[in-house]
Every structure is written in C-alpha cells, then in structure tokens.
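Okay, so here's the structure we're looking at.
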Amino acid sequence: MDAETQFKILIQILEKKKAALEVILNVSENQEALLESPPDEARASMFKAMSDEKQKHIDEILHLDNVFQTGFDPLRQEIEDNPKKWRKYLVDMQIMIDDVLELDVKIRAQETKNRTIITEQMPHIKQPKPVISEAAKRELLHLYKQNSKK
C-alpha cells in the first residue's frame with residue numbers, strides 16, 4: 001500500500017474517532033440531564049444503558065487508537081525523508097487531532113460534572129478516579145512535543 005493511501009486511511013480513522021467521541025459527549029450530557037431528574041428505577045436503568053453505550057464507543061476508540069498507531073509507525077521514516085511532500089496530510093491530521101483533543105477535554109469536564117452530581121446525591125458511594133489510557137497518554141505526549149517545537 002502506498003503512503004498516500006495510508007495517510008488517507010489514518011485521516012479516516014481520526015474522523016471515526018472524532019465521531020465516536022461526539023457520541024460519548026452527547027451521551028454524557030444526556031446522563032447529566034437524567035441525573036438531575038427525580039430518582040426512580042427507570043432512571044437507574046436508563047443511566048446503565050447510557051453507560052453501556054459509552055463503553056461500546058470507548059472500546060471502539062481504543063481499537064482505533066491501536067489501528068492508527070500501527071498505520072502511522074511505518075510512515076515515520078517517509079515523513080522524516082519527505083516532510084514537504086506529506087505536509088497537507090500532516091496538517092489535516094493535526095487539525096483532526098486538535099478536534100479530538102478538544103472533545104476529550106469536554107468529555108472529561110462533563111464526566112467530572114456528572115460524578116459531582118452522583119456524589120452529591122449518593123455521598124456514601126466512593127467514586128473511582130478516572131484512568132487515562134496508554135493510547136491517550138501517548139497522543140497527549142506526542143501533541144505536547146509537537147506544539148512545544150513551534
């Protein structure tokens with residue numbers, strides 16, 4: 001497979017990741033509205049279904065991260081050898097990564113807000129600390145390094 005096709009595939013992967021993150025954000029916002037409604041058994045059942053939906057998309061994102069990394073690694077040398085040739089694709093990917101990171105920040109803020117509501121409603125329940133995936137850590141570190149060079 002040629003490098004141009006690989007870049008196009010990587011951009012498609014980032015688009016899929018962005019779409020999955022948008023769904024997660026939407027579900028998280030809906031969970032907040034649900035948490036603010038009067039408690040009953042239907043609310044608990046709906047909250048669980050929403051959490052399951054988010055988990056499905058989280059699993060998809062983790063898979064996409066692995067596929068992206070697997071596709072990007074072989075291109076590293078090509079990028080180093082011909083950065084001007086691939087500039088358009090790299091700029092497009094950077095824009096997509098920025099969008100993904102912005103969604104990630106919004107999701108984390110929404111999840112913190114939801115956790116606060118849950119804690120206020122059920123103070124006896126201990127809330128787990130959020131875990132950052134290794135893929136997210138790598139992506140953040142990569143972006144930090146790129147942006148600190150500017």
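Within each chain, counting starts at residue 1; across the structure tokens, chains are named A, B, ... in the order shown, with ligands numbered 1 upward in that order.
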
Mind checking which residues fall within 12 Å of stretch 80-88 of chain A, counting only C-alpha atoms, ignoring those fewer than 4 positions away in the same chain, and posting them as a compact mmCIF listing (two decimals) with N, CA and C atoms, in the first residue's frame?
```
# COMPACT_ATOMS: atom_id res chain seq x y z
N ALA A 3 2.05 5.24 0.44
CA ALA A 3 1.99 6.16 1.58
C ALA A 3 0.76 7.06 1.53
N GLU A 4 0.41 7.52 0.34
CA GLU A 4 -0.75 8.41 0.21
C GLU A 4 -2.03 7.70 0.69
N THR A 5 -2.20 6.46 0.31
CA THR A 5 -3.35 5.68 0.76
C THR A 5 -3.32 5.50 2.26
N GLN A 6 -2.14 5.25 2.81
CA GLN A 6 -2.01 5.09 4.26
C GLN A 6 -2.40 6.38 4.99
N PHE A 7 -1.99 7.53 4.48
CA PHE A 7 -2.37 8.81 5.10
C PHE A 7 -3.89 8.99 5.06
N LYS A 8 -4.49 8.66 3.94
CA LYS A 8 -5.95 8.79 3.81
C LYS A 8 -6.66 7.89 4.82
N ILE A 11 -6.44 9.43 8.28
CA ILE A 11 -7.39 10.53 8.43
C ILE A 11 -8.80 9.98 8.65
N ASP A 73 3.15 4.18 12.36
CA ASP A 73 4.54 3.80 12.59
C ASP A 73 5.34 3.58 11.30
N PRO A 74 4.81 2.85 10.31
CA PRO A 74 5.58 2.66 9.08
C PRO A 74 5.80 3.94 8.27
N LEU A 75 5.00 4.97 8.54
CA LEU A 75 5.12 6.22 7.79
C LEU A 75 6.15 7.18 8.37
N ARG A 76 6.61 6.91 9.56
CA ARG A 76 7.54 7.83 10.23
C ARG A 76 8.76 8.17 9.38
N ASP A 92 -3.77 18.18 7.91
CA ASP A 92 -5.13 17.66 8.09
C ASP A 92 -5.22 16.77 9.33
N MET A 93 -4.21 15.94 9.52
CA MET A 93 -4.19 15.07 10.70
C MET A 93 -4.07 15.90 11.98
N GLN A 94 -3.26 16.93 11.97
CA GLN A 94 -3.09 17.77 13.16
C GLN A 94 -4.41 18.46 13.51
N ILE A 95 -5.13 18.92 12.50
CA ILE A 95 -6.43 19.55 12.75
C ILE A 95 -7.39 18.53 13.37
```

Counting only C-alpha atoms, which residues of stretch 76-121 of chain A fall within 12 Å of stretch 44-55 of chain A, and what is the closest atom pair for each with its distance in Å at one decimal, ordered by chain and rising number, as a Markdown table?
```
| residue | atom | partner | partner_atom | distance |
| --- | --- | --- | --- | --- |
| A:Ile107 | CA | A:Lys54 | CA | 11.0 |
| A:Glu111 | CA | A:Ser51 | CA | 11.2 |
| A:Asn114 | CA | A:Phe47 | CA | 11.2 |
| A:Ile118 | CA | A:Phe47 | CA | 11.4 |
```

Writing out the chosen residues with N, CA and C atoms as a PDB file, in the first residue's frame:
```pdb
ATOM      1  N   ILE A 107     -15.418  16.030  27.239  1.00  0.00           N
ATOM      2  CA  ILE A 107     -15.940  14.805  27.852  1.00  0.00           C
ATOM      3  C   ILE A 107     -15.462  14.693  29.292  1.00  0.00           C
ATOM      4  N   GLU A 111     -17.874  14.506  32.441  1.00  0.00           N
ATOM      5  CA  GLU A 111     -17.828  13.354  33.351  1.00  0.00           C
ATOM      6  C   GLU A 111     -17.557  13.804  34.788  1.00  0.00           C
ATOM      7  N   ASN A 114     -20.798  15.120  36.048  1.00  0.00           N
ATOM      8  CA  ASN A 114     -21.703  14.007  36.367  1.00  0.00           C
ATOM      9  C   ASN A 114     -21.303  13.321  37.666  1.00  0.00           C
ATOM     10  N   ILE A 118     -23.505  12.805  41.089  1.00  0.00           N
ATOM     11  CA  ILE A 118     -23.689  11.489  41.715  1.00  0.00           C
ATOM     12  C   ILE A 118     -23.211  11.530  43.163  1.00  0.00           C
TER      13      ILE A 118
END
```

Judged by only C-alpha atoms, the minimum distance to A:Leu101 among A:Ile9, A:Val67, A:Ala136, A:Val23 is found for A:Ala136

Which residues, written as a ChimeraX atom specification, have at least one atom at most 10 Å from A:Glu15, with only C-alpha atoms counted and residues fewer than 3 positions away on the same chain left out?
/A:9-12,18-21,93,96-97,99-100

Do you know which residues are at most 12 Å from A:Ser133 counting only C-alpha atoms, after dropping those on the same chain fewer than 6 positions away, and could you put them as a list of chain:residue names?
A:Ile58, A:Asp59, A:Ile61, A:Leu62, A:His63, A:Asp65, A:Asn66, A:Glu139, A:Leu140

Restricting the output to N, CA and C atoms, write the selected residues as a CSV table (one decimal), in the first residue's frame.
```csv
chain,number,residue,atom,x,y,z
A,58,ILE,N,-16.1,3.7,23.7
A,58,ILE,CA,-14.7,3.8,24.3
A,58,ILE,C,-13.9,2.6,23.8
A,59,ASP,N,-14.5,1.4,23.7
A,59,ASP,CA,-13.8,0.3,23.2
A,59,ASP,C,-13.4,0.5,21.7
A,61,ILE,N,-12.9,3.4,20.3
A,61,ILE,CA,-11.8,4.3,20.3
A,61,ILE,C,-10.5,3.7,20.6
A,62,LEU,N,-10.4,2.8,21.6
A,62,LEU,CA,-9.2,2.1,21.9
A,62,LEU,C,-8.7,1.3,20.7
A,63,HIS,N,-9.6,0.6,20.0
A,63,HIS,CA,-9.3,-0.1,18.8
A,63,HIS,C,-8.7,0.8,17.7
A,65,ASP,N,-7.3,3.7,18.1
A,65,ASP,CA,-6.0,4.2,18.5
A,65,ASP,C,-4.9,3.2,18.1
A,66,ASN,N,-5.2,1.9,18.4
A,66,ASN,CA,-4.2,0.8,18.0
A,66,ASN,C,-4.0,0.7,16.5
A,139,GLU,N,-0.7,10.0,22.8
A,139,GLU,CA,-1.2,11.0,22.0
A,139,GLU,C,-1.0,12.4,22.6
A,140,LEU,N,-1.3,12.5,23.8
A,140,LEU,CA,-1.1,13.8,24.5
A,140,LEU,C,0.4,14.2,24.5
```

Applying 9 Å and only C-alpha atoms, which residues near A:Glu32 remain after dropping the ones on its own chain fewer than 2 positions away? List them as number ranges by chain.
A: 27-30, 34-37, 110-111, 113-114, 117

Taking the DSSP assignment computed from this structure's backbone, write out as a count of residues only all residues of chain A that belong to helix (DSSP H, G or I).
124

Point out the residue among A:Leu90, A:Asp2, A:Pro39, A:Gln69 with the least atom-to-atom distance to A:Met122, counting only C-alpha atoms.
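Ranking A:Leu90, A:Asp2, A:Pro39, A:Gln69 by distance to A:Met122, first place goes to A:Pro39.
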